[in-house]
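Colleague: My file is protein-v9.cif. It has mmCIF, C-alpha atoms:
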```cif
data_query
loop_
_atom_site.label_atom_id
_atom_site.label_comp_id
_atom_site.auth_asym_id
_atom_site.auth_seq_id
_atom_site.Cartn_x
_atom_site.Cartn_y
_atom_site.Cartn_z
CA MET A 1 -31.00 174.65 -189.32
CA ILE A 2 -29.82 178.25 -189.15
CA ASN A 3 -31.44 179.95 -186.15
CA VAL A 4 -32.18 183.66 -186.38
CA ASN A 5 -31.99 185.43 -183.00
CA GLU A 6 -33.26 188.91 -182.20
CA TYR A 7 -32.48 190.98 -179.10
CA PHE A 8 -33.32 194.48 -177.89
CA ASP A 9 -36.40 194.81 -180.14
CA GLY A 10 -34.43 193.80 -183.22
CA ALA A 11 -31.51 196.18 -182.64
CA VAL A 12 -29.25 193.12 -182.44
CA LYS A 13 -29.79 190.16 -184.78
CA SER A 14 -27.68 187.06 -185.15
CA LEU A 15 -27.47 183.77 -187.04
CA ALA A 16 -26.45 180.66 -185.09
CA TYR A 17 -24.48 177.78 -186.61
CA THR A 18 -21.96 175.07 -185.84
CA THR A 19 -18.67 174.21 -187.53
CA ALA A 20 -15.84 171.80 -186.72
CA ASP A 21 -14.56 174.57 -184.41
CA GLY A 22 -17.77 174.56 -182.32
CA LYS A 23 -20.82 176.78 -181.94
CA SER A 24 -20.81 180.36 -183.22
CA THR A 25 -23.06 183.23 -184.09
CA ILE A 26 -22.56 186.06 -186.55
CA GLY A 27 -24.53 189.20 -185.88
CA VAL A 28 -25.20 192.85 -186.53
CA ILE A 29 -25.62 195.55 -183.87
CA GLU A 30 -27.42 198.85 -184.48
CA SER A 31 -26.16 202.14 -183.03
CA GLY A 32 -26.67 202.19 -179.27
CA GLU A 33 -25.47 200.71 -175.99
CA TYR A 34 -26.34 197.20 -174.87
CA GLU A 35 -25.61 194.88 -171.95
CA PHE A 36 -25.11 191.19 -172.65
CA GLY A 37 -24.73 188.23 -170.32
CA THR A 38 -22.72 185.08 -171.03
CA SER A 39 -23.63 181.51 -170.16
CA THR A 40 -20.36 180.22 -171.59
CA HIS A 41 -16.96 181.64 -172.50
CA GLU A 42 -17.26 183.90 -175.54
CA THR A 43 -14.73 185.24 -178.03
CA MET A 44 -16.10 188.25 -179.90
CA VAL A 45 -14.42 189.26 -183.16
CA VAL A 46 -15.35 192.49 -184.94
CA ILE A 47 -16.07 191.79 -188.63
CA GLU A 48 -16.85 195.33 -189.81
CA GLY A 49 -17.47 198.60 -188.02
CA GLU A 50 -16.41 199.23 -184.45
CA LEU A 51 -17.44 197.89 -181.05
CA ILE A 52 -16.62 199.76 -177.86
CA ALA A 53 -16.76 197.33 -174.94
CA LEU A 54 -16.79 197.58 -171.16
CA LEU A 55 -15.55 194.17 -170.10
CA PRO A 56 -16.16 192.49 -166.72
CA GLY A 57 -14.00 193.98 -163.96
CA GLU A 58 -12.69 196.78 -166.20
CA GLN A 59 -13.07 200.50 -165.53
CA ASP A 60 -12.44 201.76 -169.04
CA TRP A 61 -14.21 201.23 -172.35
CA LYS A 62 -11.98 199.77 -175.06
CA THR A 63 -12.44 200.12 -178.82
CA PHE A 64 -12.24 197.13 -181.17
CA THR A 65 -12.27 197.39 -184.97
CA ASN A 66 -12.12 195.02 -187.98
CA GLY A 67 -10.48 191.73 -187.03
CA GLN A 68 -9.85 192.67 -183.40
CA SER A 69 -11.31 190.51 -180.65
CA PHE A 70 -12.04 190.32 -176.95
CA GLU A 71 -12.96 187.49 -174.61
CA VAL A 72 -15.65 187.31 -171.95
CA PRO A 73 -15.70 184.59 -169.26
CA THR A 74 -18.68 182.36 -168.39
CA ASN A 75 -21.52 183.90 -166.36
CA ALA A 76 -20.38 187.48 -166.78
CA SER A 77 -22.01 190.60 -168.14
CA PHE A 78 -20.45 193.13 -170.46
CA LYS A 79 -21.53 196.26 -172.24
CA VAL A 80 -21.09 197.09 -175.90
CA LYS A 81 -21.76 200.33 -177.73
CA THR A 82 -21.44 201.28 -181.37
CA SER A 83 -22.13 204.46 -183.30
CA GLY A 84 -23.18 202.73 -186.54
CA GLN A 85 -24.16 199.28 -187.71
CA SER A 86 -21.35 196.87 -186.84
CA SER A 87 -20.97 193.15 -187.44
CA TYR A 88 -19.33 190.54 -185.26
CA LEU A 89 -18.47 186.87 -184.94
CA CYS A 90 -19.09 185.31 -181.51
CA LYS A 91 -17.40 181.98 -180.83
CA TYR A 92 -18.73 180.05 -177.86
CA LYS A 93 -15.58 178.55 -176.45
CA MET B 1 -32.81 198.37 -189.69
CA ILE B 2 -31.13 194.99 -189.99
CA ASN B 3 -32.74 193.03 -192.85
CA VAL B 4 -32.88 189.25 -192.57
CA ASN B 5 -32.73 187.52 -195.98
CA GLU B 6 -33.52 183.88 -196.67
CA TYR B 7 -32.72 181.94 -199.86
CA PHE B 8 -33.13 178.33 -201.00
CA ASP B 9 -35.92 177.56 -198.50
CA GLY B 10 -33.85 178.87 -195.60
CA ALA B 11 -30.67 176.95 -196.46
CA VAL B 12 -28.91 180.32 -196.83
CA LYS B 13 -29.69 183.18 -194.43
CA SER B 14 -28.05 186.57 -194.23
CA LEU B 15 -28.17 189.87 -192.34
CA ALA B 16 -27.81 193.09 -194.35
CA TYR B 17 -26.18 196.23 -192.99
CA THR B 18 -24.17 199.29 -193.96
CA THR B 19 -20.91 200.64 -192.58
CA ALA B 20 -18.56 203.44 -193.61
CA ASP B 21 -17.09 200.89 -196.06
CA GLY B 22 -20.44 200.39 -197.84
CA LYS B 23 -23.15 197.75 -197.96
CA SER B 24 -22.47 194.22 -196.71
CA THR B 25 -24.17 191.04 -195.65
CA ILE B 26 -23.03 188.34 -193.27
CA GLY B 27 -24.57 184.94 -193.81
CA VAL B 28 -24.60 181.24 -193.11
CA ILE B 29 -24.85 178.48 -195.74
CA GLU B 30 -26.07 174.95 -194.98
CA SER B 31 -24.46 171.87 -196.57
CA GLY B 32 -25.29 171.72 -200.27
CA GLU B 33 -24.63 173.34 -203.62
CA TYR B 34 -26.11 176.67 -204.66
CA GLU B 35 -26.01 179.06 -207.60
CA PHE B 36 -26.00 182.79 -206.94
CA GLY B 37 -26.28 185.78 -209.27
CA THR B 38 -24.73 189.18 -208.71
CA SER B 39 -26.25 192.57 -209.48
CA THR B 40 -23.08 194.35 -208.34
CA HIS B 41 -19.44 193.46 -207.74
CA GLU B 42 -19.13 191.21 -204.68
CA THR B 43 -16.21 190.27 -202.46
CA MET B 44 -16.94 187.10 -200.49
CA VAL B 45 -14.84 186.39 -197.39
CA VAL B 46 -15.11 183.06 -195.56
CA ILE B 47 -15.59 183.67 -191.82
CA GLU B 48 -15.73 180.07 -190.59
CA GLY B 49 -16.00 176.73 -192.34
CA GLU B 50 -15.18 176.24 -196.00
CA LEU B 51 -16.70 177.38 -199.28
CA ILE B 52 -15.88 175.63 -202.55
CA ALA B 53 -16.64 177.99 -205.43
CA LEU B 54 -16.98 177.72 -209.19
CA LEU B 55 -16.37 181.28 -210.34
CA PRO B 56 -17.51 182.82 -213.63
CA GLY B 57 -15.42 181.65 -216.57
CA GLU B 58 -13.50 179.11 -214.50
CA GLN B 59 -13.36 175.37 -215.15
CA ASP B 60 -12.24 174.24 -211.71
CA TRP B 61 -13.78 174.53 -208.27
CA LYS B 62 -11.57 176.30 -205.75
CA THR B 63 -11.63 175.93 -201.97
CA PHE B 64 -11.68 178.93 -199.63
CA THR B 65 -11.35 178.69 -195.84
CA ASN B 66 -11.26 181.08 -192.84
CA GLY B 67 -10.24 184.57 -193.91
CA GLN B 68 -9.81 183.70 -197.59
CA SER B 69 -11.81 185.60 -200.17
CA PHE B 70 -12.90 185.66 -203.80
CA GLU B 71 -14.43 188.29 -206.02
CA VAL B 72 -17.35 188.06 -208.43
CA PRO B 73 -18.04 190.72 -211.09
CA THR B 74 -21.39 192.46 -211.68
CA ASN B 75 -24.14 190.50 -213.48
CA ALA B 76 -22.44 187.14 -213.17
CA SER B 77 -23.45 183.82 -211.68
CA PHE B 78 -21.31 181.57 -209.55
CA LYS B 79 -21.75 178.31 -207.68
CA VAL B 80 -20.86 177.57 -204.08
CA LYS B 81 -20.88 174.29 -202.24
CA THR B 82 -20.09 173.44 -198.64
CA SER B 83 -20.12 170.20 -196.68
CA GLY B 84 -21.12 171.76 -193.34
CA GLN B 85 -22.50 175.04 -192.08
CA SER B 86 -20.19 177.83 -193.17
CA SER B 87 -20.31 181.58 -192.57
CA TYR B 88 -19.29 184.40 -194.88
CA LEU B 89 -19.03 188.16 -195.25
CA CYS B 90 -20.18 189.58 -198.60
CA LYS B 91 -19.07 193.12 -199.41
CA TYR B 92 -20.95 194.82 -202.25
CA LYS B 93 -18.20 196.73 -203.93
#
```
As structure tokens - that is how I would like this structure written.
Modeller:
Amino acid sequence: MINVNEYFDGAVKSLAYTTADGKSTIGVIESGEYEFGTSTHETMVVIEGELIALLPGEQDWKTFTNGQSFEVPTNASFKVKTSGQSSYLCKYK
Amino acid sequence: MINVNEYFDGAVKSLAYTTADGKSTIGVIESGEYEFGTSTHETMVVIEGELIALLPGEQDWKTFTNGQSFEVPTNASFKVKTSGQSSYLCKYK
């Protein structure tokens, strides 16, 4: 079963799946700024486009492009903004 | 607008989007074997899991894992099989 998730009125959509490496989602984010919360450790990898992230405890936004990644601890919130459609892989571990 | 596509009774689902690099989809494939047709040149990149592909004009199936890619020409058909949920990026160019 491939679950389709929608957030922020469909501005963020993702597909959830499981591999030998654990649970993951792949998703697409529309232009805009969003705040996400984590219930587990997350590793976010940019697939295409660009994500600009304000990570927990940080003062400055950082830019991540194709293949670059950032990590977010459990029970934290972080902000992401993008100026065009961008795709990501989120690994829950 | 992020389009959600479903094929093979939901065994393949993808999200369509556009970046500065052109049109792409990211998708997830359930265990099984599938035949796809192209209407444009496609570059398929495995994100997680493993895709075993029979490409146009080839006799042998080839295995592609994380980060590996294969190309399919316009107006061709190819087969893909996977033994678990696998994710991919498809670039239409």
Colleague: Could you give me, as JSON, numbers by chain, the residues that sit within 12 Å of (-19.4, 198.2, -199.5) in the file's coordinates, counting only C-alpha atoms?
Modeller: {"A": [48, 49], "B": [16, 17, 18, 19, 20, 21, 22, 23, 24, 25, 40, 41, 42, 43, 44, 89, 90, 91, 92, 93]}
Colleague: For the PyMOL selection byres ((chain A and resi 69) around 12), applied here, can you spell out every residue it catches as a PyMOL selection string?
Modeller: chain A and resi 42-48+50-53+55+62-68+70-72+88-91
Colleague: Atom CA of Ala76 of chain B to atom CA of Gly27 of chain B: how many Å, to one decimal?
Modeller: 19.6 Å
Colleague: So, counting only C-alpha atoms, which residue among A:Val12, A:Ile2, A:Phe78, A:Trp61 is closest to Gly37 of chain A?
Modeller: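 The closest residue to Gly37 of chain A is A:Phe78.
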Colleague: Which is closest to chain B among A:Thr38, A:Ser31, A:Gln59, A:Thr74, if we use only C-alpha atoms?
Modeller: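 Looking at the shortest contact to chain B, the residue is A:Ser31.
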Colleague: For Glu58 of chain A, which residue out of A:Met1, A:Tyr34, A:Asp9, A:Ser77 is the nearest one, using all atoms listed in the file?
Modeller: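 Closest candidate: A:Ser77.
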Colleague: Which is closest to chain B among A:Gly57, A:Gly32, A:Pro73, A:Gly84, if we use all atoms listed in the file?
Modeller: A:Gly84
Colleague: Suppose you want the space between atom CA of Leu15 of chain A and atom CA of Ser83 of chain B; what is it in Å?
Modeller: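 Result for atom CA of Leu15 of chain A versus atom CA of Ser83 of chain B: 18.2 Å, one decimal.
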Colleague: How many Å separate atom CA of Tyr7 of chain B from atom CA of Ala11 of chain A?
Modeller: 22.4 Å
Colleague: Using all atoms listed in the file, can you tell me which of A:Phe8, A:Ser14, A:Glu35, A:Val80 comes closest to chain B?
Modeller: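 Comparing A:Phe8, A:Ser14, A:Glu35, A:Val80 against chain B, the winner is A:Ser14.
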Colleague: Rank B:Pro56, B:Asn5, B:Lys81, B:Asn75 by their smallest atom-to-atom distance to chain A, using all atoms listed in the file, and report the top residue only.
Modeller: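 Among the listed residues, B:Asn5 lies closest to chain A.
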Colleague: Given 5 Å of margin on each side, can you work out the centre and size in Å (one decimal) of an axis-aligned box holding every listed atom of segment 72-83 of chain A, as lines of an AutoDock Vina configuration file?
Modeller:
```
center_x = -18.9
center_y = 193.4
center_z = -174.8
size_x = 16.5
size_y = 32.1
size_z = 26.9
```
